[in-house]
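K.L.:
Below is the file coords-v5.txt, with compact mmCIF, C-alpha atoms.
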# COMPACT_ATOMS: atom_id res chain seq x y z
CA MET A 1 -70.01 247.10 219.35
CA THR A 2 -67.82 247.74 222.43
CA ALA A 3 -65.49 250.70 222.71
CA GLY A 4 -62.46 248.38 222.61
CA ALA A 5 -63.71 246.61 219.49
CA SER A 6 -64.42 249.97 217.89
CA LEU A 7 -60.87 251.15 218.54
CA ILE A 8 -59.47 247.93 217.07
CA ALA A 9 -61.65 248.32 213.96
CA GLN A 10 -60.60 251.95 213.62
CA ALA A 11 -56.94 250.95 213.84
CA ALA A 12 -57.53 248.33 211.17
CA ILE A 13 -59.11 250.80 208.78
CA GLU A 14 -56.32 253.32 209.39
CA ALA A 15 -53.76 250.60 208.66
CA ALA A 16 -55.61 249.60 205.50
CA ILE A 17 -55.81 253.18 204.28
CA ALA A 18 -52.14 253.77 205.09
CA GLU A 19 -51.19 250.64 203.16
CA ILE A 20 -52.81 251.85 199.95
CA LYS A 21 -51.88 255.49 200.61
CA ASP A 22 -48.19 254.50 200.61
CA TYR A 23 -48.70 253.08 197.14
CA LEU A 24 -50.47 256.24 195.97
CA GLU A 25 -47.70 258.49 197.28
CA THR A 26 -45.11 256.29 195.56
CA ILE A 27 -46.64 256.73 192.12
CA ASP A 28 -48.25 260.16 192.45
CA ALA A 29 -45.40 262.44 191.36
CA LYS A 30 -43.92 259.93 188.93
CA LEU A 31 -47.29 259.20 187.41
CA ASP A 32 -47.91 262.92 186.92
CA ALA A 33 -44.69 263.16 184.92
CA LEU A 34 -45.73 260.15 182.86
CA LEU A 35 -49.20 261.55 182.19
CA ARG A 36 -47.84 264.91 181.01
CA GLN A 37 -46.45 263.09 177.99
CA SER A 38 -49.92 261.85 177.09
CA LYS A 39 -53.19 263.25 175.85
CA VAL A 40 -54.78 263.14 179.30
CA GLU A 41 -56.63 266.41 178.76
CA SER A 42 -58.97 264.52 176.42
CA LEU A 43 -59.91 261.96 179.08
CA GLY A 44 -62.86 263.80 180.59
CA GLU A 45 -64.30 260.66 182.13
CA LEU A 46 -61.20 260.04 184.24
CA GLU A 47 -61.16 263.66 185.31
CA GLY A 48 -64.83 263.41 186.27
CA ILE A 49 -64.21 260.29 188.35
CA SER A 50 -61.27 261.97 190.07
CA ASN A 51 -63.44 264.97 191.01
CA ALA A 52 -66.23 262.72 192.34
CA LEU A 53 -63.76 260.79 194.51
CA LYS A 54 -62.19 263.99 195.79
CA GLU A 55 -65.56 265.27 196.98
CA VAL A 56 -66.15 262.13 199.07
CA GLU A 57 -62.52 262.11 200.26
CA ASP A 58 -62.91 265.69 201.54
CA TYR A 59 -66.12 264.72 203.32
CA TYR A 60 -64.42 261.70 204.91
CA ARG A 61 -61.45 263.74 206.14
CA THR A 62 -63.78 266.34 207.64
CA ASN A 63 -66.36 264.02 209.20
CA ASN A 64 -64.45 260.73 209.58
CA SER A 65 -67.37 259.10 207.80
CA VAL A 66 -68.45 257.87 204.36
CA SER A 67 -72.20 258.14 204.75
CA VAL A 68 -74.68 256.06 202.77
CA THR A 69 -75.65 259.14 200.79
CA LYS A 70 -72.06 259.96 199.89
CA TRP A 71 -71.27 256.33 199.06
CA LEU A 72 -74.19 256.17 196.63
CA THR A 73 -72.63 259.00 194.61
CA ILE A 74 -69.51 256.90 193.85
CA SER A 75 -70.53 253.24 194.35
CA HIS A 76 -70.82 252.67 190.59
CA LEU A 77 -67.31 253.96 189.84
CA GLY A 78 -65.53 250.68 190.64
CA ALA A 79 -67.09 249.00 187.60
CA SER A 80 -66.36 252.05 185.43
CA LEU A 81 -62.70 252.06 186.44
CA HIS A 82 -62.39 248.33 185.82
CA THR A 83 -63.76 248.88 182.30
CA MET A 84 -61.33 251.74 181.66
CA GLU A 85 -58.34 249.68 182.82
CA THR A 86 -59.40 246.82 180.56
CA THR A 87 -59.89 249.20 177.62
CA ALA A 88 -56.39 250.66 178.06
CA LEU A 89 -54.88 247.17 178.17
CA GLU A 90 -56.81 246.13 175.06
CA GLN A 91 -55.57 249.21 173.21
CA ILE A 92 -51.96 248.38 174.08
CA SER A 93 -52.56 244.74 173.16
CA SER A 94 -53.95 245.79 169.76
CA LEU A 95 -50.81 247.84 169.04
CA VAL A 96 -48.60 244.87 169.95
CA GLU A 97 -50.71 242.48 167.83
CA GLN A 98 -50.12 244.75 164.85
CA LEU A 99 -46.40 244.33 165.47
CA ALA A 100 -46.64 240.55 165.55
CA ALA A 101 -48.69 240.53 162.32
CA SER A 102 -45.99 242.58 160.57
CA GLN A 103 -43.19 240.07 161.11
CA GLY A 104 -41.47 239.16 157.87
CA ASN A 105 -42.11 242.59 156.33
CA SER A 106 -39.62 245.10 157.70
CA LYS A 107 -41.45 248.10 156.20
CA LYS A 108 -44.72 247.17 157.97
CA THR A 109 -42.78 246.37 161.14
CA ALA A 110 -41.24 249.86 161.11
CA GLU A 111 -44.68 251.44 160.56
CA SER A 112 -46.19 249.38 163.41
CA PHE A 113 -43.37 250.39 165.76
CA GLN A 114 -43.95 254.04 164.85
CA SER A 115 -47.63 253.65 165.78
CA LEU A 116 -46.61 251.99 169.06
CA ASP A 117 -44.16 254.82 169.72
CA GLU A 118 -46.88 257.44 169.23
CA ASN A 119 -49.58 255.77 171.34
CA LEU A 120 -48.00 253.58 174.04
CA SER A 121 -47.28 256.38 176.55
CA PHE A 122 -50.83 257.65 176.24
CA TRP A 123 -52.45 254.29 176.99
CA LEU A 124 -49.97 253.48 179.76
CA GLY A 125 -50.82 256.86 181.29
CA ASN A 126 -54.52 256.07 180.92
CA LEU A 127 -53.98 252.69 182.59
CA GLY A 128 -51.87 254.17 185.40
CA TRP A 129 -54.42 256.88 186.16
CA SER A 130 -57.21 254.29 186.22
CA ILE A 131 -55.28 252.12 188.71
CA TRP A 132 -54.56 255.19 190.86
CA LEU A 133 -58.24 256.19 190.93
CA HIS A 134 -59.30 252.61 191.59
CA ASP A 135 -57.10 252.49 194.69
CA ARG A 136 -58.55 255.77 195.94
CA PHE A 137 -61.96 254.19 195.44
CA TYR A 138 -60.84 251.15 197.50
CA VAL A 139 -59.80 253.43 200.39
CA LEU A 140 -63.30 254.92 200.53
CA GLU A 141 -64.93 251.52 200.11
CA ILE A 142 -62.97 250.17 203.08
CA ALA A 143 -63.92 253.18 205.19
CA HIS A 144 -67.59 252.79 204.27
CA ALA A 145 -67.54 249.07 205.06
CA GLN A 146 -66.01 249.69 208.50
CA GLU A 147 -68.71 252.23 209.30
CA LEU A 148 -71.67 250.33 207.88
CA GLU A 149 -70.78 246.69 208.70
CA PRO A 150 -68.08 246.68 211.39
CA ASP A 151 -68.82 243.07 212.35
CA HIS A 152 -67.91 241.91 208.83
CA PHE A 153 -65.09 244.36 208.27
CA ASP A 154 -62.16 241.90 208.40
CA GLY A 155 -63.64 239.66 205.71
CA TYR A 156 -64.61 242.63 203.58
CA HIS A 157 -61.16 244.16 203.86
CA ALA A 158 -59.47 240.85 202.98
CA SER A 159 -61.75 240.49 199.96
CA ILE A 160 -60.85 243.96 198.68
CA GLN A 161 -57.14 243.34 199.13
CA ARG A 162 -57.38 239.98 197.32
CA THR A 163 -59.36 241.51 194.46
CA ARG A 164 -56.84 244.31 194.06
CA GLN A 165 -53.88 241.90 194.13
CA GLU A 166 -55.45 239.67 191.47
CA ARG A 167 -56.20 242.71 189.31
CA ILE A 168 -52.64 244.03 189.53
CA GLU A 169 -51.14 240.58 188.85
CA SER A 170 -53.36 240.23 185.78
CA VAL A 171 -52.12 243.59 184.48
CA ALA A 172 -48.50 242.54 185.12
CA CYS A 173 -48.91 239.22 183.28
CA ARG A 174 -50.47 240.85 180.23
CA LEU A 175 -47.81 243.56 180.05
CA LEU A 176 -45.07 240.94 180.40
CA ARG A 177 -46.46 238.95 177.46
CA MET A 178 -46.71 242.14 175.40
CA ASN A 179 -43.13 243.04 176.25
CA ASP A 180 -41.93 239.60 175.12
CA SER A 181 -43.83 240.03 171.85
CA ILE A 182 -42.20 243.43 171.25
CA ARG A 183 -38.73 241.90 171.70
CA ALA A 184 -39.58 238.96 169.43
CA THR A 185 -40.83 241.26 166.64
CA ALA A 186 -37.66 243.37 166.87
CA ASN A 187 -35.48 240.27 166.43
CA LEU A 188 -34.51 241.09 162.84
CA GLY A 189 -32.65 238.82 160.46
CA ASN A 190 -29.29 239.59 158.87
CA SER A 191 -30.95 240.32 155.52
CA VAL A 192 -32.95 243.22 157.01
CA TRP A 193 -29.85 244.66 158.70
CA ALA A 194 -27.79 244.39 155.49
CA THR A 195 -30.40 245.70 153.04
CA HIS A 196 -32.38 248.16 155.21
CA TYR A 197 -29.89 249.20 157.86
CA GLN A 198 -31.43 252.56 158.87
CA ARG A 199 -34.89 251.00 159.07
CA ALA A 200 -33.53 248.24 161.30
CA ARG A 201 -31.90 250.82 163.59
CA LYS A 202 -35.19 252.68 163.98
CA ILE A 203 -37.03 249.45 164.78
CA ILE A 204 -34.56 248.54 167.53
CA GLU A 205 -34.62 252.07 168.98
CA ALA A 206 -38.44 252.07 169.03
CA ALA A 207 -38.51 248.61 170.63
CA ASN A 208 -36.13 249.75 173.37
CA ARG A 209 -38.24 252.87 174.03
CA ALA A 210 -41.39 250.75 174.27
CA GLU A 211 -39.76 248.28 176.65
CA SER A 212 -38.38 251.13 178.76
CA SER A 213 -41.85 252.71 178.98
CA ILE A 214 -43.44 249.44 180.11
CA GLN A 215 -40.71 248.78 182.68
CA ARG A 216 -40.93 252.35 184.00
CA PHE A 217 -44.70 252.04 184.29
CA ALA A 218 -44.36 248.70 186.09
CA LEU A 219 -41.97 250.28 188.58
CA HIS A 220 -44.33 253.19 189.25
CA VAL A 221 -47.29 250.95 190.06
CA ASN A 222 -45.23 248.37 191.97
CA LEU A 223 -45.59 245.55 189.47
CA SER A 224 -43.13 242.69 189.65
CA PHE A 225 -41.28 242.88 186.34
CA GLU A 226 -38.01 241.30 185.20
CA GLU A 227 -35.70 243.94 183.77
CA LYS A 228 -33.93 242.85 180.59
CA SER A 229 -30.98 244.32 178.77
CA GLU A 230 -31.60 246.60 175.81
CA LEU A 231 -31.73 245.19 172.31
CA GLN A 232 -28.44 245.92 170.57
CA ILE A 233 -27.95 247.84 167.34
CA ARG A 234 -25.58 245.98 165.06
CA GLY A 235 -22.74 247.51 163.08
CA TRP A 236 -23.22 247.65 159.31
CA LYS A 237 -20.15 245.52 158.57
CA GLU A 238 -21.33 242.91 161.05
CA SER A 239 -24.76 242.92 159.38
CA VAL A 240 -23.31 242.46 155.89
CA SER A 241 -21.00 239.72 157.13
CA GLY A 242 -23.91 237.95 158.77
CA PHE A 243 -26.01 238.33 155.62
CA VAL A 244 -23.20 236.88 153.46
CA GLY A 245 -22.82 234.03 155.92
CA ASP A 246 -26.55 233.36 155.75
CA SER A 247 -26.42 233.44 151.95
CA VAL A 248 -23.52 230.96 151.81
CA GLN A 249 -25.29 228.73 154.28
CA ALA A 250 -28.49 228.95 152.24
CA VAL A 251 -26.59 228.01 149.04
CA ASN A 252 -24.95 225.08 150.80
CA GLN A 253 -28.25 223.93 152.19
CA SER A 254 -29.86 224.27 148.76
CA ARG A 255 -27.00 222.31 147.19
CA GLN A 256 -27.33 219.63 149.85
CA ARG A 257 -31.07 219.42 149.29
CA GLY A 258 -30.39 219.08 145.54
CA VAL A 259 -27.93 216.23 146.14
CA GLU A 260 -30.39 214.52 148.46
CA GLN A 261 -33.17 214.98 145.90
CA ILE A 262 -31.01 213.44 143.16
CA GLN A 263 -30.17 210.55 145.45
CA LYS A 264 -33.82 210.01 146.28
CA THR A 265 -34.75 210.21 142.59
CA GLY A 266 -32.01 207.71 141.75
CA GLU A 267 -33.24 205.39 144.47
CA ARG A 268 -36.80 205.64 143.15
CA LEU A 269 -35.61 204.92 139.58
CA ARG A 270 -33.49 202.01 140.79
CA THR A 271 -36.40 200.59 142.69
CA TYR A 272 -38.64 201.07 139.66
CA ARG A 273 -36.13 199.29 137.39
CA GLU A 274 -35.73 196.48 139.89
CA ASP A 275 -39.47 196.11 140.13
CA ARG A 276 -39.79 195.99 136.32
CA THR A 277 -36.95 193.48 136.08
CA LEU A 278 -38.51 191.25 138.70
CA ALA A 279 -41.84 191.49 136.96
CA LYS A 280 -40.25 190.43 133.64
CA ALA A 281 -38.43 187.59 135.38
CA ASP A 282 -41.70 186.37 136.86
CA LYS A 283 -43.34 186.39 133.41
CA ILE A 284 -40.42 184.44 131.86
CA ARG A 285 -40.49 181.96 134.71
CA ALA A 286 -44.22 181.53 134.27
CA ARG A 287 -43.85 180.85 130.52
CA ARG A 288 -41.09 178.29 131.11
CA ASN A 289 -43.20 176.51 133.65
CA ALA A 290 -46.06 176.46 131.18
CA ASN A 291 -43.83 174.97 128.39
CA ASN A 292 -42.30 172.37 130.68
CA ASN A 293 -45.66 171.29 132.00
CA PRO A 294 -48.04 171.14 129.01
CA PRO A 295 -51.67 170.43 129.83
CA ASP A 296 -52.75 166.74 129.83
CA SER A 297 -54.23 165.43 126.57
CA PRO A 298 -57.87 164.47 126.75
Show how you would write the structure in this file as C-alpha cells.
P.N.:
Amino acid sequence: MTAGASLIAQAAIEAAIAEIKDYLETIDAKLDALLRQSKVESLGELEGISNALKEVEDYYRTNNSVSVTKWLTISHLGASLHTMETTALEQISSLVEQLAASQGNSKKTAESFQSLDENLSFWLGNLGWSIWLHDRFYVLEIAHAQELEPDHFDGYHASIQRTRQERIESVACRLLRMNDSIRATANLGNSVWATHYQRARKIIEAANRAESSIQRFALHVNLSFEEKSELQIRGWKESVSGFVGDSVQAVNQSRQRGVEQIQKTGERLRTYREDRTLAKADKIRARRNANNNPPDSP
C-alpha cells in the first residue's frame, strides 16, 4: 500500500469514527440522565461490555491500532449487543401488547398502563445503552478493518454503515407501531369517562408519559419520529354529556333495529301467507280441472 493510499485510508477511518462519535456525543449526557431513572445498576452484562470496549478504546488511542489480539477480546460482542437490543424491544412490545389485550376493560387498561409506567423507562434505557455500546463497537470494528484489510476497507465500511442504518430504522419502525398502539388503547369511550372519570384521567396521563418517553428516546438516538399532540383529558360535564348522547343514540338505534325487525317479520309472514294462498289456489285449480275433465270410460 503506497504512502498516499495509506493517508487516504487513514482520513477515511478518521471521518468514519468522527461520524459515529458525533452521534455518541449527542446522546451521551442525555442518555445518562435517562438511564439514572432506570435500574441500570442491575445490568451487569452491559457494564461488562462497556468495560471491555473501554480497554480496547484506550489501547487504540495510545497505539493507533486495534491488534488481532485485542480484537479477539471483543469480536463476539456485536452479536451479544444485537441480542440485548432485541430483548429490550421485545420487553417493551410485551408491555404494549398487554395494553392492547386490555381494551374494553378500563380496570385492566389502567393496570396495564401502570405496569408500562413502571417499566418503560428502564427498557428504553436498556435499549439506548445497547445502541450506544454497539456504535462504540462499530468504531473499533472499522479501525480494525482499516488496519487488517486496507484494500477492502471502503466496502467493509459501507457494509457497517448500511447494517447500522437498517438496525436503527427497524428500531424506529417498531417503536412507532408501539406508540400508535398506546394511543389507540387510550382512546376511551364516553361511558368510561362518565362512569370512571378518575381512572380515565390516569390512563390518559400514563399514555402521555409513555409517548413522551418514546419521543424523547427517539430524539436522543436520532430516530426519525413524528411528534404528535398530547391526548386530551376531558371535562366531567363533557364526558357525561357525551355518554348521554351515546345512550340516546343507542336507544334510537335499538328502536330502529326493532322497527326494521318487525318490518322484516311482517314481510316474512306476508310472504308465507301468500305462498300458502297460492298453494291452496293451485290445489283448487287442480281439482276443478280434474272434475271438468273426467277420465275416459273404458
K.L.:
Dump as a tab-separated table the rows for residues of region 45-143 of chain A within 8 Å of region 195-215 of chain A: closest atom pair and distance in Å with one decimal, all atoms listed in the file counted, ordered by chain and rising residue number.
P.N.:
residue	atom	partner	partner_atom	distance
A:Ser106	CA	A:Arg199	CA	7.7
A:Lys107	CA	A:Arg199	CA	7.7
A:Thr109	CA	A:Ile203	CA	7.5
A:Ala110	CA	A:Ile203	CA	5.6
A:Phe113	CA	A:Ala206	CA	6.1
A:Gln114	CA	A:Ala206	CA	7.2
A:Leu116	CA	A:Ala210	CA	7.5
A:Asp117	CA	A:Ala206	CA	6.4
A:Leu120	CA	A:Ala210	CA	7.2
A:Ser121	CA	A:Ser213	CA	7.0
A:Leu124	CA	A:Ile214	CA	7.7
K.L.:
At what distance in Å, to one decimal, does CA of Ala52 (chain A) lie from CA of His144 (chain A)?
P.N.:
15.6 Å
K.L.:
What is the CA of Arg167 (chain A)-CA of Thr69 (chain A) distance in Å, reported with one decimal?
P.N.:
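So the answer is 27.9 Å.
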K.L.:
Measuring atom to atom with all atoms listed in the file, identify which of A:His220, A:Ala88, A:Ser181, A:Leu72 is nearest to Ser102 (chain A).
P.N.:
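Comparing A:His220, A:Ala88, A:Ser181, A:Leu72 against Ser102 (chain A), the winner is A:Ser181.
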K.L.:
How big is the axis-aligned box, and where does its centre sit, when it encloses all atoms of region 164-181 of chain A listed in the file and has 4 Å added on every side, reported in Å to one decimal as lines of an AutoDock Vina configuration file?
P.N.:
center_x = -49.4
center_y = 241.6
center_z = 183.0
size_x = 22.9
size_y = 13.4
size_z = 30.3
K.L.:
What's around Ala100 (chain A) at 9 Å? Count all atoms listed in the file, leave out sequence neighbours fewer than 3 positions away in its own chain, and write the answer as a list in words.
P.N.:
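Here the answer would be Val96, Glu97, Gln103, Thr109, Ser181, Ile182, Ala184 and Thr185 of chain A.
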K.L.:
Would you put the residues from that selection into a file with C-alpha atoms, as a PDB file, in the frame of the given file?
P.N.:
ATOM      1  CA  VAL A  96     -48.600 244.870 169.950  1.00  0.00           C
ATOM      2  CA  GLU A  97     -50.710 242.480 167.830  1.00  0.00           C
ATOM      3  CA  GLN A 103     -43.190 240.070 161.110  1.00  0.00           C
ATOM      4  CA  THR A 109     -42.780 246.370 161.140  1.00  0.00           C
ATOM      5  CA  SER A 181     -43.830 240.030 171.850  1.00  0.00           C
ATOM      6  CA  ILE A 182     -42.200 243.430 171.250  1.00  0.00           C
ATOM      7  CA  ALA A 184     -39.580 238.960 169.430  1.00  0.00           C
ATOM      8  CA  THR A 185     -40.830 241.260 166.640  1.00  0.00           C
TER       9      THR A 185
END
K.L.:
Between A:Ser229, A:Asn222, A:Ser80, A:Asn179, which has the minimum distance to Leu133 (chain A) (counting all atoms listed in the file)?
P.N.:
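Of the candidates, the smallest distance to Leu133 (chain A) is held by A:Ser80.
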K.L.:
Provide the CA of Ile49 (chain A) to CA of Leu77 (chain A) distance in Å, to one decimal place.
P.N.:
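According to the coordinates, CA of Ile49 (chain A) and CA of Leu77 (chain A) are separated by 7.2 Å.
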K.L.:
Go through A:Met178, A:Lys54, A:Gly128, A:Val68 and flag the residue nearest Gln98 (chain A), using only C-alpha atoms for the distances.
P.N.:
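That would be A:Met178, the residue with the smallest distance to Gln98 (chain A).
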